[in-house]
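Input: a single structure, listed below in structure tokens.
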Amino acid sequence: MTAEAALPRKTDNDGLLRNLGLAGVLIALIVIGVVTRPELYSDPSWVKNNILTILQQASAIGVVTVGMTFVIIGGGIDLSVGAIIALAGVWSTTLATQSYGAGGMVFTALVVGVAVGLVNGALIAYGKLVPFIATLAMLVSARGLAAQISGKQTQVSANDTINGIATTKLIGIPLLVWILALVVAAGWVLLNRTTFGRRTVAVGGNPEAARLAGINVKRHTLLLYVLSGLCCGIAAIMLTSQATSAQAAMANLYELDAIAAAIIGGTLLSGGRGTIVGALFGVLVFSTITNLFAINNLATEVQNMVKGGIIVAAVLLQQFRYRSLTNLLRRRNDTDKS
């Protein structure tokens, strides 16, 4: 039996229904905005600019969520993504790095992200550390190293090309949104149209079965964390451009936002199932909630409580659907045997 023959098949209808449900949530949030601030939504130009603002705010965390989705589908977790972004951002904005121009800054951010992802993957795949522990340790270490490099100071980006990424528009759409679209498209193709994606689902669903089918589980796990690190490197440049600076405290709690977006998008925390489109919807839901609270001048604390409630509801729904599916399969097996 080949490795590909043993890989599980996706439930496209299930994913479609979930995405339609999330689209319904987005529509409901928009309706709430129209009801609470009708004077704003009556202005077409404001509505257009607000939509672009939501997409732009979702761009960096959306890129991180793509990498996080792959890691979770593969049966892991990455608590260090925010710290990786901070380290990559700080390292790419040192005076030495900026002297090499925009190319040197982008190259440094990507290399730092990939290198830290490689360390995470090696510790988990070959060092046999639990992903939670390994990435938690990296969270602390990477933040500490970023603070050491920056001297606990904000490092200003003096490169006009990097800073211009956040203000540049193509066909009226911010460049940051185009970058998110490209990463999402690449992630979708990688997950749904390549052997790498099928093996990711197999490794997350049943690592031992994947190993027996000929998949190098350790190497694949390593590559998943490298992919997550690469996404963090891209996000670091995006955030640096938006703030025209970088600091050790940047991208704070991004790991929680990325995990939450992936979960409400339908990615199983236990691994083996998830979609890139669903994860993107999850990011957009959270970004829309943030925007809704901002235009209504509501406290951030209330916003966080709402997000927490959504996460709990999404996990409970996952568990309910998983138990229902398991019971259905068990009944079918019993019927076939009889």
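As shown in the structure tokens, the chain order sets the letters A, B, ...; within each chain, residues go from 1, and ligands are also counted from 1 in the order they appear.
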So that I can check the secondary structure, give me every residue of segment 10-210 of chain A assigned strand (DSSP E) by backbone DSSP, as a list in words.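 DSSP on the backbone gives strand (DSSP E) at Gln155, Val156, Lys169, Leu170, Ile173 and Pro174 of chain A.
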Writer output for current selection, all heavy atoms, as a PDB file, in the first residue's frame:
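out34.pdb was written with the following content:
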ATOM      1  N   GLN A 155      12.404  49.916  17.761  1.00  0.00           N
ATOM      2  CA  GLN A 155      13.324  50.152  16.653  1.00  0.00           C
ATOM      3  C   GLN A 155      12.545  50.679  15.452  1.00  0.00           C
ATOM      4  O   GLN A 155      11.648  50.012  14.936  1.00  0.00           O
ATOM      5  CB  GLN A 155      14.053  48.850  16.283  1.00  0.00           C
ATOM      6  CG  GLN A 155      14.951  48.352  17.406  1.00  0.00           C
ATOM      7  CD  GLN A 155      15.757  47.129  17.010  1.00  0.00           C
ATOM      8  OE1 GLN A 155      16.709  46.762  17.699  1.00  0.00           O
ATOM      9  NE2 GLN A 155      15.396  46.474  15.915  1.00  0.00           N
ATOM     10  N   VAL A 156      12.886  51.859  15.012  1.00  0.00           N
ATOM     11  CA  VAL A 156      12.167  52.521  13.923  1.00  0.00           C
ATOM     12  C   VAL A 156      12.697  52.038  12.581  1.00  0.00           C
ATOM     13  O   VAL A 156      13.910  51.938  12.372  1.00  0.00           O
ATOM     14  CB  VAL A 156      12.316  54.051  14.016  1.00  0.00           C
ATOM     15  CG1 VAL A 156      11.611  54.732  12.838  1.00  0.00           C
ATOM     16  CG2 VAL A 156      11.726  54.547  15.337  1.00  0.00           C
ATOM     17  N   LYS A 169      -1.500  50.620  -2.597  1.00  0.00           N
ATOM     18  CA  LYS A 169      -2.732  49.968  -3.050  1.00  0.00           C
ATOM     19  C   LYS A 169      -2.592  49.537  -4.501  1.00  0.00           C
ATOM     20  O   LYS A 169      -1.980  50.229  -5.310  1.00  0.00           O
ATOM     21  CB  LYS A 169      -3.927  50.914  -2.901  1.00  0.00           C
ATOM     22  CG  LYS A 169      -4.335  51.201  -1.466  1.00  0.00           C
ATOM     23  CD  LYS A 169      -5.602  52.020  -1.408  1.00  0.00           C
ATOM     24  CE  LYS A 169      -6.041  52.256   0.044  1.00  0.00           C
ATOM     25  NZ  LYS A 169      -7.313  53.044   0.103  1.00  0.00           N
ATOM     26  N   LEU A 170      -3.167  48.374  -4.816  1.00  0.00           N
ATOM     27  CA  LEU A 170      -3.216  47.873  -6.183  1.00  0.00           C
ATOM     28  C   LEU A 170      -4.683  47.696  -6.547  1.00  0.00           C
ATOM     29  O   LEU A 170      -5.412  46.958  -5.881  1.00  0.00           O
ATOM     30  CB  LEU A 170      -2.478  46.540  -6.315  1.00  0.00           C
ATOM     31  CG  LEU A 170      -0.977  46.546  -6.019  1.00  0.00           C
ATOM     32  CD1 LEU A 170      -0.415  45.122  -6.100  1.00  0.00           C
ATOM     33  CD2 LEU A 170      -0.237  47.462  -6.985  1.00  0.00           C
ATOM     34  N   ILE A 173      -7.052  48.239  -3.736  1.00  0.00           N
ATOM     35  CA  ILE A 173      -7.018  47.313  -2.602  1.00  0.00           C
ATOM     36  C   ILE A 173      -5.624  47.360  -1.981  1.00  0.00           C
ATOM     37  O   ILE A 173      -4.620  47.275  -2.695  1.00  0.00           O
ATOM     38  CB  ILE A 173      -7.345  45.880  -3.053  1.00  0.00           C
ATOM     39  CG1 ILE A 173      -8.756  45.830  -3.649  1.00  0.00           C
ATOM     40  CG2 ILE A 173      -7.233  44.901  -1.882  1.00  0.00           C
ATOM     41  CD1 ILE A 173      -9.124  44.483  -4.224  1.00  0.00           C
ATOM     42  N   PRO A 174      -5.530  47.496  -0.642  1.00  0.00           N
ATOM     43  CA  PRO A 174      -4.213  47.566   0.010  1.00  0.00           C
ATOM     44  C   PRO A 174      -3.326  46.370  -0.319  1.00  0.00           C
ATOM     45  O   PRO A 174      -3.811  45.235  -0.434  1.00  0.00           O
ATOM     46  CB  PRO A 174      -4.565  47.585   1.507  1.00  0.00           C
ATOM     47  CG  PRO A 174      -5.942  48.153   1.553  1.00  0.00           C
ATOM     48  CD  PRO A 174      -6.635  47.650   0.322  1.00  0.00           C
TER      49      PRO A 174
END
For Arg273 of chain A, please output as a ChimeraX atom specification all residues within 7 Å (counting only C-alpha atoms; exclusion window: fewer than 2 positions along the same chain). /A:73,201,267-268,271
For Leu227 of chain A, list every protein, DNA or RNA residue within 9 Å, evaluated using only C-alpha atoms, and leave out those in the same chain fewer than 6 positions away; present the list as a PyMOL selection string. chain A and resi 67-68+70-71+113-114+117-118
Export of the given selection (all heavy atoms) as an mmCIF file, in the first residue's frame:
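To be explicit, this is the file written out as result14.cif:
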data_model
loop_
_atom_site.group_PDB
_atom_site.id
_atom_site.type_symbol
_atom_site.label_atom_id
_atom_site.label_comp_id
_atom_site.auth_asym_id
_atom_site.auth_seq_id
_atom_site.Cartn_x
_atom_site.Cartn_y
_atom_site.Cartn_z
ATOM 1 N N GLY A 67 -0.400 29.311 8.657
ATOM 2 C CA GLY A 67 0.627 28.415 9.183
ATOM 3 C C GLY A 67 0.145 27.639 10.384
ATOM 4 O O GLY A 67 0.410 26.435 10.529
ATOM 5 N N MET A 68 -0.591 28.311 11.283
ATOM 6 C CA MET A 68 -1.123 27.653 12.476
ATOM 7 C C MET A 68 -2.096 26.543 12.105
ATOM 8 O O MET A 68 -2.117 25.471 12.734
ATOM 9 C CB MET A 68 -1.818 28.672 13.364
ATOM 10 C CG MET A 68 -2.384 28.093 14.659
ATOM 11 S SD MET A 68 -1.101 27.577 15.823
ATOM 12 C CE MET A 68 -0.609 29.186 16.475
ATOM 13 N N PHE A 70 -2.083 24.618 9.449
ATOM 14 C CA PHE A 70 -1.323 23.444 9.034
ATOM 15 C C PHE A 70 -0.779 22.689 10.241
ATOM 16 O O PHE A 70 -0.845 21.455 10.302
ATOM 17 C CB PHE A 70 -0.164 23.853 8.116
ATOM 18 C CG PHE A 70 -0.530 23.922 6.670
ATOM 19 C CD1 PHE A 70 -0.951 25.112 6.106
ATOM 20 C CD2 PHE A 70 -0.455 22.800 5.865
ATOM 21 C CE1 PHE A 70 -1.301 25.182 4.768
ATOM 22 C CE2 PHE A 70 -0.795 22.851 4.521
ATOM 23 C CZ PHE A 70 -1.225 24.047 3.972
ATOM 24 N N VAL A 71 -0.248 23.426 11.210
ATOM 25 C CA VAL A 71 0.332 22.792 12.404
ATOM 26 C C VAL A 71 -0.733 22.025 13.181
ATOM 27 O O VAL A 71 -0.525 20.878 13.599
ATOM 28 C CB VAL A 71 1.007 23.845 13.308
ATOM 29 C CG1 VAL A 71 1.378 23.235 14.661
ATOM 30 C CG2 VAL A 71 2.252 24.399 12.630
ATOM 31 N N GLY A 113 12.293 33.587 10.929
ATOM 32 C CA GLY A 113 11.067 32.822 11.112
ATOM 33 C C GLY A 113 11.261 31.349 10.815
ATOM 34 O O GLY A 113 10.846 30.482 11.593
ATOM 35 N N VAL A 114 11.915 31.056 9.695
ATOM 36 C CA VAL A 114 12.165 29.660 9.311
ATOM 37 C C VAL A 114 13.095 28.979 10.307
ATOM 38 O O VAL A 114 12.879 27.815 10.683
ATOM 39 C CB VAL A 114 12.763 29.600 7.884
ATOM 40 C CG1 VAL A 114 13.291 28.200 7.583
ATOM 41 C CG2 VAL A 114 11.712 29.989 6.856
ATOM 42 N N GLY A 117 11.231 28.217 13.500
ATOM 43 C CA GLY A 117 10.322 27.117 13.207
ATOM 44 C C GLY A 117 11.059 25.797 13.112
ATOM 45 O O GLY A 117 10.555 24.752 13.558
ATOM 46 N N LEU A 118 12.265 25.838 12.551
ATOM 47 C CA LEU A 118 13.089 24.630 12.445
ATOM 48 C C LEU A 118 13.470 24.108 13.820
ATOM 49 O O LEU A 118 13.440 22.892 14.068
ATOM 50 C CB LEU A 118 14.345 24.944 11.623
ATOM 51 C CG LEU A 118 15.281 23.771 11.304
ATOM 52 C CD1 LEU A 118 14.582 22.773 10.402
ATOM 53 C CD2 LEU A 118 16.556 24.278 10.631
#
Mind checking which residues fall within 9 Å of segment 188-190 of chain A, counting only C-alpha atoms, ignoring those fewer than 4 positions away in the same chain, and posting them as an mmCIF file with all heavy atoms, in the first residue's frame?
data_model
loop_
_atom_site.group_PDB
_atom_site.id
_atom_site.type_symbol
_atom_site.label_atom_id
_atom_site.label_comp_id
_atom_site.auth_asym_id
_atom_site.auth_seq_id
_atom_site.Cartn_x
_atom_site.Cartn_y
_atom_site.Cartn_z
ATOM 1 N N VAL A 66 -2.786 30.846 8.701
ATOM 2 C CA VAL A 66 -2.566 29.820 7.675
ATOM 3 C C VAL A 66 -1.525 28.816 8.157
ATOM 4 O O VAL A 66 -1.727 27.593 8.096
ATOM 5 C CB VAL A 66 -2.124 30.459 6.336
ATOM 6 C CG1 VAL A 66 -1.666 29.376 5.355
ATOM 7 C CG2 VAL A 66 -3.261 31.263 5.724
ATOM 8 N N VAL A 183 -1.090 34.319 0.208
ATOM 9 C CA VAL A 183 -0.729 33.296 1.193
ATOM 10 C C VAL A 183 -1.876 32.307 1.390
ATOM 11 O O VAL A 183 -1.664 31.095 1.460
ATOM 12 C CB VAL A 183 -0.340 33.949 2.540
ATOM 13 C CG1 VAL A 183 -0.151 32.887 3.624
ATOM 14 C CG2 VAL A 183 0.935 34.766 2.388
ATOM 15 N N VAL A 184 -3.106 32.814 1.463
ATOM 16 C CA VAL A 184 -4.267 31.943 1.615
ATOM 17 C C VAL A 184 -4.415 31.027 0.397
ATOM 18 O O VAL A 184 -4.667 29.820 0.540
ATOM 19 C CB VAL A 184 -5.556 32.776 1.819
ATOM 20 C CG1 VAL A 184 -6.799 31.905 1.691
ATOM 21 C CG2 VAL A 184 -5.538 33.443 3.184
ATOM 22 N N THR A 194 -1.977 18.902 -3.027
ATOM 23 C CA THR A 194 -0.626 18.335 -3.035
ATOM 24 C C THR A 194 -0.523 17.158 -2.068
ATOM 25 O O THR A 194 -1.348 17.006 -1.155
ATOM 26 C CB THR A 194 0.433 19.383 -2.631
ATOM 27 O OG1 THR A 194 0.254 19.722 -1.246
ATOM 28 C CG2 THR A 194 0.330 20.640 -3.482
ATOM 29 N N THR A 195 0.495 16.347 -2.293
ATOM 30 C CA THR A 195 0.761 15.223 -1.391
ATOM 31 C C THR A 195 1.091 15.726 0.007
ATOM 32 O O THR A 195 0.730 15.084 1.001
ATOM 33 C CB THR A 195 1.936 14.388 -1.935
ATOM 34 O OG1 THR A 195 1.588 13.896 -3.229
ATOM 35 C CG2 THR A 195 2.234 13.206 -1.016
ATOM 36 N N PHE A 196 1.761 16.876 0.094
ATOM 37 C CA PHE A 196 2.101 17.441 1.394
ATOM 38 C C PHE A 196 0.837 17.672 2.221
ATOM 39 O O PHE A 196 0.801 17.364 3.415
ATOM 40 C CB PHE A 196 2.858 18.759 1.209
ATOM 41 C CG PHE A 196 3.299 19.398 2.502
ATOM 42 C CD1 PHE A 196 4.514 19.073 3.074
ATOM 43 C CD2 PHE A 196 2.489 20.329 3.154
ATOM 44 C CE1 PHE A 196 4.930 19.650 4.272
ATOM 45 C CE2 PHE A 196 2.888 20.910 4.343
ATOM 46 C CZ PHE A 196 4.113 20.570 4.901
ATOM 47 N N GLY A 197 -0.192 18.221 1.595
ATOM 48 C CA GLY A 197 -1.438 18.470 2.312
ATOM 49 C C GLY A 197 -2.109 17.187 2.764
ATOM 50 O O GLY A 197 -2.578 17.075 3.900
ATOM 51 N N ARG A 198 -2.153 16.200 1.883
ATOM 52 C CA ARG A 198 -2.782 14.922 2.243
ATOM 53 C C ARG A 198 -2.016 14.239 3.364
ATOM 54 O O ARG A 198 -2.607 13.626 4.260
ATOM 55 C CB ARG A 198 -2.868 14.018 1.012
ATOM 56 C CG ARG A 198 -3.822 14.537 -0.062
ATOM 57 C CD ARG A 198 -4.094 13.497 -1.126
ATOM 58 N NE ARG A 198 -2.900 13.183 -1.909
ATOM 59 C CZ ARG A 198 -2.517 13.842 -2.990
ATOM 60 N NH1 ARG A 198 -3.218 14.878 -3.405
ATOM 61 N NH2 ARG A 198 -1.437 13.490 -3.666
ATOM 62 N N THR A 275 -9.634 23.404 7.380
ATOM 63 C CA THR A 275 -9.639 24.044 6.069
ATOM 64 C C THR A 275 -9.018 25.427 6.148
ATOM 65 O O THR A 275 -9.151 26.116 7.162
ATOM 66 C CB THR A 275 -11.072 24.178 5.505
ATOM 67 O OG1 THR A 275 -11.814 25.118 6.289
ATOM 68 C CG2 THR A 275 -11.799 22.839 5.495
ATOM 69 N N ILE A 276 -8.365 25.819 5.085
ATOM 70 C CA ILE A 276 -7.763 27.149 5.012
ATOM 71 C C ILE A 276 -8.853 28.215 4.859
ATOM 72 O O ILE A 276 -8.788 29.277 5.488
ATOM 73 C CB ILE A 276 -6.780 27.230 3.826
ATOM 74 C CG1 ILE A 276 -5.626 26.241 4.034
ATOM 75 C CG2 ILE A 276 -6.233 28.653 3.682
ATOM 76 C CD1 ILE A 276 -4.793 26.497 5.253
ATOM 77 N N VAL A 277 -9.859 27.928 4.040
ATOM 78 C CA VAL A 277 -10.947 28.887 3.848
ATOM 79 C C VAL A 277 -11.690 29.113 5.160
ATOM 80 O O VAL A 277 -12.027 30.248 5.520
ATOM 81 C CB VAL A 277 -11.917 28.393 2.754
ATOM 82 C CG1 VAL A 277 -13.130 29.315 2.658
ATOM 83 C CG2 VAL A 277 -11.207 28.307 1.415
#
Hey, what's within 10 Å of Ala258 of chain A if we count only C-alpha atoms and toss same-chain stuff fewer than 5 positions away? As JSON, numbers by chain, please? {"A": [61, 62, 63, 64, 65, 66, 67, 68, 69, 78, 79, 81, 82, 253, 263, 279, 280, 282, 283]}
Show me, as number ranges by chain, the residues that have an atom within 12 Å of Val302 of chain A when counting only C-alpha atoms, minus same-chain residues fewer than 5 positions from it. A: 289-290, 292-294, 296-297, 307-309
Considering only C-alpha atoms, state which residue in the set A:Val226, A:Ala246, A:Val47, A:Ala134 is at the smallest distance from Gln153 of chain A.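 Checking each candidate against Gln153 of chain A, we get A:Ala246 as the closest.
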Any idea what's packed within 10 Å of Asn50 of chain A, counting only C-alpha atoms, ignoring anything in its chain fewer than 3 positions away? Could you give it as an MDAnalysis selection string? chainID A and resid 40:41 44:47 53:56 288 291 295
Same residues, N, CA and C atoms, saved as a PDB file, in the first residue's frame:
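What ended up in result36.pdb:
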ATOM      1  N   LEU A  40     -23.356  55.723  10.087  1.00  0.00           N
ATOM      2  CA  LEU A  40     -22.103  55.393   9.417  1.00  0.00           C
ATOM      3  C   LEU A  40     -22.349  54.530   8.179  1.00  0.00           C
ATOM      4  N   TYR A  41     -23.189  53.530   8.323  1.00  0.00           N
ATOM      5  CA  TYR A  41     -23.432  52.599   7.217  1.00  0.00           C
ATOM      6  C   TYR A  41     -24.281  53.204   6.111  1.00  0.00           C
ATOM      7  N   PRO A  44     -21.869  55.245   1.672  1.00  0.00           N
ATOM      8  CA  PRO A  44     -21.223  54.193   0.869  1.00  0.00           C
ATOM      9  C   PRO A  44     -19.702  54.252   0.905  1.00  0.00           C
ATOM     10  N   SER A  45     -19.142  55.468   0.874  1.00  0.00           N
ATOM     11  CA  SER A  45     -17.682  55.583   0.888  1.00  0.00           C
ATOM     12  C   SER A  45     -17.106  55.108   2.221  1.00  0.00           C
ATOM     13  N   TRP A  46     -17.824  55.383   3.328  1.00  0.00           N
ATOM     14  CA  TRP A  46     -17.362  54.906   4.638  1.00  0.00           C
ATOM     15  C   TRP A  46     -17.426  53.386   4.701  1.00  0.00           C
ATOM     16  N   VAL A  47     -18.492  52.812   4.161  1.00  0.00           N
ATOM     17  CA  VAL A  47     -18.639  51.348   4.166  1.00  0.00           C
ATOM     18  C   VAL A  47     -17.496  50.699   3.401  1.00  0.00           C
ATOM     19  N   THR A  53     -10.486  48.451   5.739  1.00  0.00           N
ATOM     20  CA  THR A  53      -9.816  48.532   7.046  1.00  0.00           C
ATOM     21  C   THR A  53      -9.854  47.193   7.758  1.00  0.00           C
ATOM     22  N   ILE A  54     -11.016  46.539   7.733  1.00  0.00           N
ATOM     23  CA  ILE A  54     -11.148  45.222   8.370  1.00  0.00           C
ATOM     24  C   ILE A  54     -10.207  44.214   7.714  1.00  0.00           C
ATOM     25  N   LEU A  55     -10.169  44.222   6.387  1.00  0.00           N
ATOM     26  CA  LEU A  55      -9.300  43.286   5.671  1.00  0.00           C
ATOM     27  C   LEU A  55      -7.829  43.575   5.961  1.00  0.00           C
ATOM     28  N   GLN A  56      -7.481  44.847   6.027  1.00  0.00           N
ATOM     29  CA  GLN A  56      -6.090  45.214   6.302  1.00  0.00           C
ATOM     30  C   GLN A  56      -5.686  44.817   7.725  1.00  0.00           C
ATOM     31  N   THR A 288     -13.915  41.500  12.317  1.00  0.00           N
ATOM     32  CA  THR A 288     -15.177  42.234  12.232  1.00  0.00           C
ATOM     33  C   THR A 288     -15.713  42.564  13.621  1.00  0.00           C
ATOM     34  N   ASN A 291     -13.730  45.451  14.899  1.00  0.00           N
ATOM     35  CA  ASN A 291     -14.175  46.672  14.232  1.00  0.00           C
ATOM     36  C   ASN A 291     -15.520  47.132  14.770  1.00  0.00           C
ATOM     37  N   ILE A 295     -16.197  50.872  16.459  1.00  0.00           N
ATOM     38  CA  ILE A 295     -17.098  51.919  15.968  1.00  0.00           C
ATOM     39  C   ILE A 295     -18.201  52.229  16.977  1.00  0.00           C
TER      40      ILE A 295
END
Out of A:Ala83, A:Met238, A:Ala249, A:Ala261, which residue has the shortest atom-to-atom distance to Met138 of chain A when counting only C-alpha atoms?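 Smallest distance to Met138 of chain A is found for A:Ala83.
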Using DSSP secondary structure from the backbone, list all alpha helix (DSSP H) positions within segment 130-274 of chain A, as number ranges by chain. A: 131-150, 160-164, 175-192, 195-205, 207-212, 217-243, 254-264
Nearest to Ala125 of chain A: which of A:Ile237, A:Leu223, A:Leu16, A:Ile311 is it, counting only C-alpha atoms?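 Of the candidates, the smallest distance to Ala125 of chain A is held by A:Leu223.
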Calculate how many Å separate atom CA of Ala147 of chain A from atom CA of Ala166 of chain A, rounding to one decimal.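 According to the coordinates, atom CA of Ala147 of chain A and atom CA of Ala166 of chain A are separated by 24.6 Å.
Considering only C-alpha atoms, the residue among A:Ala299, A:Ala235, A:Ala58, A:Ala158 positioned nearest to Val106 of chain A is A:Ala235.
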